[in-house]
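J.: Sharing target_11.cif (mmCIF, C-alpha atoms and all ligand atoms; chains and numbers go by the auth columns) below.
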```
data_protein
#
loop_
_atom_site.group_PDB
_atom_site.id
_atom_site.type_symbol
_atom_site.label_atom_id
_atom_site.label_comp_id
_atom_site.label_asym_id
_atom_site.label_seq_id
_atom_site.Cartn_x
_atom_site.Cartn_y
_atom_site.Cartn_z
_atom_site.B_iso_or_equiv
_atom_site.auth_seq_id
_atom_site.auth_asym_id
ATOM 1 C CA MET A 1 -7.127 -10.101 -8.978 0.00 1 A
ATOM 2 C CA SER A 2 -8.704 -12.715 -6.822 0.00 2 A
ATOM 3 C CA CYS A 3 -8.557 -12.694 -3.079 0.00 3 A
ATOM 4 C CA ASP A 4 -8.972 -15.982 -1.278 0.00 4 A
ATOM 5 C CA SER A 5 -8.499 -16.852 2.368 0.00 5 A
ATOM 6 C CA GLY A 6 -4.764 -17.267 1.795 0.00 6 A
ATOM 7 C CA CYS A 7 -4.609 -13.633 0.781 0.00 7 A
ATOM 8 C CA GLN A 8 -6.478 -12.560 3.870 0.00 8 A
ATOM 9 C CA GLU A 9 -4.128 -14.462 6.103 0.00 9 A
ATOM 10 C CA ALA A 10 -1.052 -13.150 4.326 0.00 10 A
ATOM 11 C CA LEU A 11 -2.281 -9.571 4.545 0.00 11 A
ATOM 12 C CA ASP A 12 -3.246 -10.015 8.183 0.00 12 A
ATOM 13 C CA HIS A 13 0.321 -10.916 9.043 0.00 13 A
ATOM 14 C CA LEU A 14 2.099 -8.652 6.577 0.00 14 A
ATOM 15 C CA TYR A 15 3.213 -6.190 9.228 0.00 15 A
ATOM 16 C CA GLU A 16 4.431 -8.899 11.546 0.00 16 A
ATOM 17 C CA VAL A 17 6.525 -10.370 8.760 0.00 17 A
ATOM 18 C CA LEU A 18 7.902 -6.953 7.843 0.00 18 A
ATOM 19 C CA ASP A 19 8.754 -6.287 11.466 0.00 19 A
ATOM 20 C CA GLY A 20 10.123 -9.777 11.981 0.00 20 A
ATOM 21 C CA GLU A 21 7.666 -10.212 14.796 0.00 21 A
ATOM 22 C CA CYS A 22 5.889 -13.344 13.692 0.00 22 A
ATOM 23 C CA ASP A 23 7.102 -16.836 14.370 0.00 23 A
ATOM 24 C CA GLU A 24 9.130 -18.653 11.764 0.00 24 A
ATOM 25 C CA GLN A 25 6.379 -20.982 10.675 0.00 25 A
ATOM 26 C CA ARG A 26 3.928 -18.183 10.054 0.00 26 A
ATOM 27 C CA GLY A 27 6.569 -16.103 8.308 0.00 27 A
ATOM 28 C CA ALA A 28 7.411 -18.961 5.993 0.00 28 A
ATOM 29 C CA ALA A 29 3.748 -19.471 5.155 0.00 29 A
ATOM 30 C CA VAL A 30 3.255 -15.795 4.372 0.00 30 A
ATOM 31 C CA ARG A 31 6.392 -15.637 2.256 0.00 31 A
ATOM 32 C CA ALA A 32 5.326 -18.731 0.378 0.00 32 A
ATOM 33 C CA HIS A 33 2.022 -17.051 -0.369 0.00 33 A
ATOM 34 C CA LEU A 34 3.753 -13.838 -1.469 0.00 34 A
ATOM 35 C CA ALA A 35 5.851 -15.829 -3.905 0.00 35 A
ATOM 36 C CA GLU A 36 2.717 -17.093 -5.587 0.00 36 A
ATOM 37 C CA CYS A 37 0.390 -14.143 -5.312 0.00 37 A
ATOM 38 C CA ASP A 38 1.081 -10.927 -7.228 0.00 38 A
ATOM 39 C CA HIS A 39 -1.593 -9.028 -5.379 0.00 39 A
ATOM 40 C CA CYS A 40 -0.225 -9.727 -1.913 0.00 40 A
ATOM 41 C CA ARG A 41 3.355 -9.294 -3.082 0.00 41 A
ATOM 42 C CA GLN A 42 2.483 -5.811 -4.311 0.00 42 A
ATOM 43 C CA GLN A 43 1.006 -4.993 -0.932 0.00 43 A
ATOM 44 C CA TYR A 44 4.125 -6.304 0.736 0.00 44 A
ATOM 45 C CA GLU A 45 6.448 -4.373 -1.557 0.00 45 A
ATOM 46 C CA MET A 46 4.430 -1.211 -1.120 0.00 46 A
ATOM 47 C CA GLU A 47 4.653 -1.577 2.646 0.00 47 A
ATOM 48 C CA SER A 48 8.396 -2.174 2.351 0.00 48 A
ATOM 49 C CA GLU A 49 8.772 0.945 0.236 0.00 49 A
ATOM 50 C CA VAL A 50 6.808 2.989 2.704 0.00 50 A
ATOM 51 C CA ARG A 51 8.971 1.737 5.525 0.00 51 A
ATOM 52 C CA SER A 52 12.240 2.503 3.776 0.00 52 A
ATOM 53 C CA LEU A 53 10.968 5.949 2.765 0.00 53 A
ATOM 54 C CA VAL A 54 9.900 6.647 6.295 0.00 54 A
ATOM 55 C CA ALA A 55 13.187 5.338 7.644 0.00 55 A
ATOM 56 C CA SER A 56 15.169 7.628 5.346 0.00 56 A
ATOM 57 C CA ALA A 57 12.900 10.609 5.958 0.00 57 A
ATOM 58 C CA CYS A 58 13.156 10.505 9.715 0.00 58 A
ATOM 59 C CA CYS A 59 14.621 8.305 12.352 0.00 59 A
ATOM 60 C CA GLU A 60 11.560 8.090 14.502 0.00 60 A
ATOM 61 C CA GLN A 61 8.369 6.366 13.559 0.00 61 A
ATOM 62 C CA ALA A 62 6.462 8.459 11.050 0.00 62 A
ATOM 63 C CA PRO A 63 3.227 10.113 12.023 0.00 63 A
ATOM 64 C CA GLU A 64 0.214 8.278 10.750 0.00 64 A
ATOM 65 C CA GLU A 65 -0.671 11.139 8.440 0.00 65 A
ATOM 66 C CA LEU A 66 2.693 11.109 6.675 0.00 66 A
ATOM 67 C CA ARG A 67 2.410 7.394 6.283 0.00 67 A
ATOM 68 C CA ARG A 68 -1.004 7.711 4.692 0.00 68 A
ATOM 69 C CA ARG A 69 0.234 10.401 2.322 0.00 69 A
ATOM 70 C CA ILE A 70 3.086 8.212 1.167 0.00 70 A
ATOM 71 C CA ILE A 71 0.789 5.257 0.628 0.00 71 A
ATOM 72 C CA THR A 72 -1.660 7.440 -1.279 0.00 72 A
ATOM 73 C CA ARG A 73 1.148 8.786 -3.427 0.00 73 A
ATOM 74 C CA ILE A 74 2.529 5.357 -4.203 0.00 74 A
ATOM 75 C CA THR A 75 -0.930 4.110 -5.035 0.00 75 A
ATOM 76 C CA GLN A 76 -1.515 7.064 -7.339 0.00 76 A
ATOM 77 C CA ILE A 77 1.782 6.516 -9.104 0.00 77 A
ATOM 78 C CA ARG A 78 1.005 2.847 -9.535 0.00 78 A
ATOM 79 C CA VAL A 79 -2.387 3.675 -10.953 0.00 79 A
ATOM 80 C CA THR A 80 -0.876 6.273 -13.263 0.00 80 A
ATOM 81 C CA THR A 81 2.051 4.256 -14.562 0.00 81 A
ATOM 82 C CA GLY A 82 0.612 0.809 -14.102 0.00 82 A
ATOM 83 C CA SER A 83 4.100 -0.550 -13.583 0.00 83 A
ATOM 84 C CA GLY A 84 4.920 0.524 -10.046 0.00 84 A
ATOM 85 C CA SER A 85 8.604 1.271 -10.380 0.00 85 A
ATOM 86 C CA ALA A 86 10.155 1.653 -6.951 0.00 86 A
ATOM 87 C CA SER A 87 12.846 4.061 -8.149 0.00 87 A
ATOM 88 C CA LEU A 88 10.252 6.286 -9.790 0.00 88 A
ATOM 89 C CA THR A 89 8.313 6.316 -6.564 0.00 89 A
ATOM 90 C CA VAL A 90 11.312 7.327 -4.505 0.00 90 A
ATOM 91 C CA GLU A 91 12.319 10.049 -6.968 0.00 91 A
ATOM 92 C CA GLN A 92 8.927 11.612 -7.014 0.00 92 A
ATOM 93 C CA TYR A 93 8.677 11.500 -3.254 0.00 93 A
ATOM 94 C CA ARG A 94 12.049 13.188 -2.765 0.00 94 A
ATOM 95 C CA ALA A 95 11.402 15.755 -5.456 0.00 95 A
ATOM 96 C CA GLU A 96 8.599 17.252 -3.458 0.00 96 A
HETATM 97 ZN ZN ZN B . -2.662 -13.297 -1.971 0.00 101 B
#
```
Would you write out, as structure tokens, the structure that this file holds?

T.:
Amino acid sequence: MSCDSGCQEALDHLYEVLDGECDEQRGAAVRAHLAECDHCRQQYEMESEVRSLVASACCEQAPEELRRRIITRITQIRVTTGSGSASLTVEQYRAE
């Protein structure tokens, strides 16, 4: 996995894109990068998963600690399975 300046910029603005808070031009640039870069796309998808898990777990914004636990769990599952199935992630999270 290589990480060039495009990656850095995409990751810097990942949250803004997820929240729809960045301007259209920036959002388009980040999305274009995500389409080409597996590494950044995985980060983006992981963040999306975390957000949907948090949204289904509670209506309010999740405490930082819960958020970290979810990210850690997803990362562990990805490392374990190497495939990063979203449905597997959700199942294991809910099973707890
Ligand atoms: Zn990238």

J.: If you measure from atom CA of Leu18 of chain A to atom CA of Thr80 of chain A, what distance in Å do you get, rounded to one decimal?

T.: 26.4 Å

J.: Could you tell me which residues the PyMOL selection byres (((not hetatm)) within 8 of (chain B and resi 101)) returns for this structure, as a list in words?

T.: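 Evaluating the PyMOL selection byres (((not hetatm)) within 8 of (chain B and resi 101)) on this file yields Ser2, Cys3, Asp4, Gly6, Cys7, Gln8, Ala10, Leu11, His33, Leu34, Glu36, Cys37, Asp38, His39, Cys40 and Arg41 of chain A.
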
J.: From the set A:Val50, A:Tyr15, A:Ala55, A:Ala29, which residue has the shortest atom-to-atom contact distance to Ile70 of chain A, counting only C-alpha atoms?

T.: A:Val50

J.: Would you please work out which residue, of A:Glu9, A:Pro63, A:Val79, A:Leu53, is nearest to Ala32 of chain A when using only C-alpha atoms?

T.: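 When distances to Ala32 of chain A are compared using only C-alpha atoms, the smallest one comes from A:Glu9.
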
J.: To one decimal place in Å, what is the distance between atom CA of Gln76 of chain A and atom CA of Asp12 of chain A?

T.: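 That distance, rounded to one decimal, is 23.1 Å.
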
J.: Report, in Å to a single decimal, how far apart atom CA of Thr75 of chain A and atom CA of Val54 of chain A are.

T.: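 Answer for the atom CA of Val54 of chain A to atom CA of Thr75 of chain A separation: 15.9 Å.
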
J.: Given all atoms listed in the file as the basis, pick out the residue of A:Cys22, A:Glu16, A:Gly27, A:Ala35 nearest to Glu47 of chain A.

T.: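 Closest to Glu47 of chain A, using all atoms listed in the file: A:Glu16.
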
J.: From the options A:Leu14, A:Ile77, A:Ile71, A:Ala28, which residue's atoms come nearest to Glu49 of chain A, counting all atoms listed in the file?

T.: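 So, comparing all the options, the nearest one is A:Ile71.
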